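Peer 1: Dropping the structure in here first, questions after.
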Amino acid sequence: MNQPDNVRALVPHALKRSLSRRAFLGGTAALGAGAFLAACSSSSGGGGNSSDGLNIYTWGEYDDPAVLTDFTAAKGPKITVDSYGSNPEMIAKLSAAKGTTGYDICVPTHSSVQQMATGGLLTELDHAKLPNMKNLTPKVVNTTFDPGNKYSVCKDWGSTGYVYDTTVVKRDLKSWADFLDCAQKEASGSMSLLEDQGEVAFTYFWANGIDENTTDPGHIAAYRSFILDKIAPHVQAFESSTNASISSSARALIHCWNGDARLGILANSEPERYKWVWPSEGANLWQDNWAIVKGAPHEDAAYEFINYVLDPTVSLKELTYIGYNTGIQGIEEAATKAGIQRPDLVFINDAVMSKLVYSEMTSADGTIIGIYDELKAAAGK
């Protein structure tokens with residue numbers, strides 16, 4: 001598909017290796033990786049300063065291009081989209097620039113919001129300029145990570161689990177304990193872990209009844225021993241985008257986010273081949289959020305855009321494209337009426353939700369990152 005004229009998309013070096021955790025590969029996206037890379041070669045990057053523009057810094061391919069072009073047609077500002085592959089990458093760039101990037105909007109994950117606010121990277125929101133916030137469900141507002149939505153507004157949210165190839169794994173897997181056991185048995189040499197340090201650690205913590213936000217040195221040491229000794233030899237790959245592997249039946253066991261799992265399953269020529277598991281013990285809950293960058297040159301346009309995407313009709317377009325719940329009241333009913341496929345992989349039921357926990361930034365993060373680096377070095381050996 002040709003890139004819309006009024007949307008310019010960039011991609012940093014990290015994304016040339018693999019698009020973000022919620023990037024849509026395998027022909028499932030309207031604006032593909034080729035368009036991103038082609039645009040990169042002709043752009044100088046970094047926000048821009050057009051008086052009628054809007055500069056968004058976000059995860060790769062994380063918005064419906066039609067929504068962006070519709071906004072420009074209706075409201076006027078031409079949109080530039082620049083992409084990053086992780087929250088640390090985004091935070092580092094904004095911190096180094098000290099308000100001079102030219103970006104107006106960024107999309108931090110929940111666990112990064114307070115760090116960014118404390119660091120002076122985000123603008124305190126004027127809710128009077130966001131009347132469509134009234135459309136958000138209570139589940140995604142006034143959260144523990146941003147009480148009163150002082151700095152952020154829900155973009156979408158989801159959780160983590162895994163899929164397994166039922167032609168290879170004949171037993172019924174239900175838990176993180178089953179996942180780790182299968183990794184060492186039927187799926188040995190044919191399994192992947194997410195390219196996310198925290199999510200990999202959470203598999204062990206949840207399987208062993210440990211708080212995913214633990215800082216206990218004993219728990220973390222036990223995790224290190226287990227993941228390096230028991231799991232590393234069996235890992236085939238680390239992936240931040242898993243739907244391509246699922247759609248091509250590349251592996252027997254794949255650690256993934258629910259939206260990526262859905263896209264991969266729908267794109268597979270045998271959609272019943274892979275089974276998705278909401279692990280019985282519980283899992284991580286993540287929420288990505290719209291936020292306005294401190295020093296945004298087009299602050300009014302930023303408010304206008306965020307308010308625009310909080311409209312239920314626009315939100316449904318976004319959900320249909322990205323495959324994650326946008327947190328708008330009535331969105332499940334609207335999506336079901338619209339005939340969305342596999343809504344069970346978009347909308348998390350109350351029984352599963354009751355077991356999900358928001359991850360937090362903790363004093364153990366550095367250690368967990370170090371263990372992950374060791375794991376990658378030892379994988380498959």
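Each chain in the structure tokens gets a letter, A, B and so on, in the order shown; residues start at 1 in every chain, and ligands are counted from 1 in the order they appear.
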Name all residues at most 10 Å from segment 261-270 of chain A (count only C-alpha atoms; drop same-chain ones fewer than 3 positions away) and give them as an NGL selection string.
Peer 2: :A and (24-29 or 160-163 or 241-249 or 254-258 or 273-277 or 321-324 or 341-346)
Peer 1: Write out as a PyMOL selection string the set of residues from segment 48-189 of chain A that DSSP, computed on the backbone, places in helix (DSSP H, G or I).
Peer 2: chain A and resi 65-75+87-97+110-118+127-129+131-135+138-140+147-149+176-184
Peer 1: Quick one: of A:Ser112, A:Thr203, A:Ser363, A:Thr144, who's nearest to Phe226 of chain A, counting only C-alpha atoms?
Peer 2: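 Residue with the minimum atom-to-atom distance to Phe226 of chain A: A:Thr203.
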Peer 1: Report, in Å with one decimal, the straight-line distance from atom CA of Gly189 of chain A to atom CA of Ile231 of chain A.
Peer 2: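 That distance, rounded to one decimal, is 10.2 Å.
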Peer 1: In Å, how far is it from atom CA of Ser315 of chain A to atom CA of Ser240 of chain A?
Peer 2: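 Computing it gives 24.6 Å between the two atoms.
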Peer 1: Interatomic distance between atom CA of Trp206 of chain A and atom CA of Pro279 of chain A?
Peer 2: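 These atoms are spaced 9.0 Å apart.
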Peer 1: If you run DSSP on the backbone here, which positions in segment 324-368 of chain A get strand (DSSP E or B)? Please write them as an NGL selection string.
Peer 2: :A and (325 or 328 or 356-358)
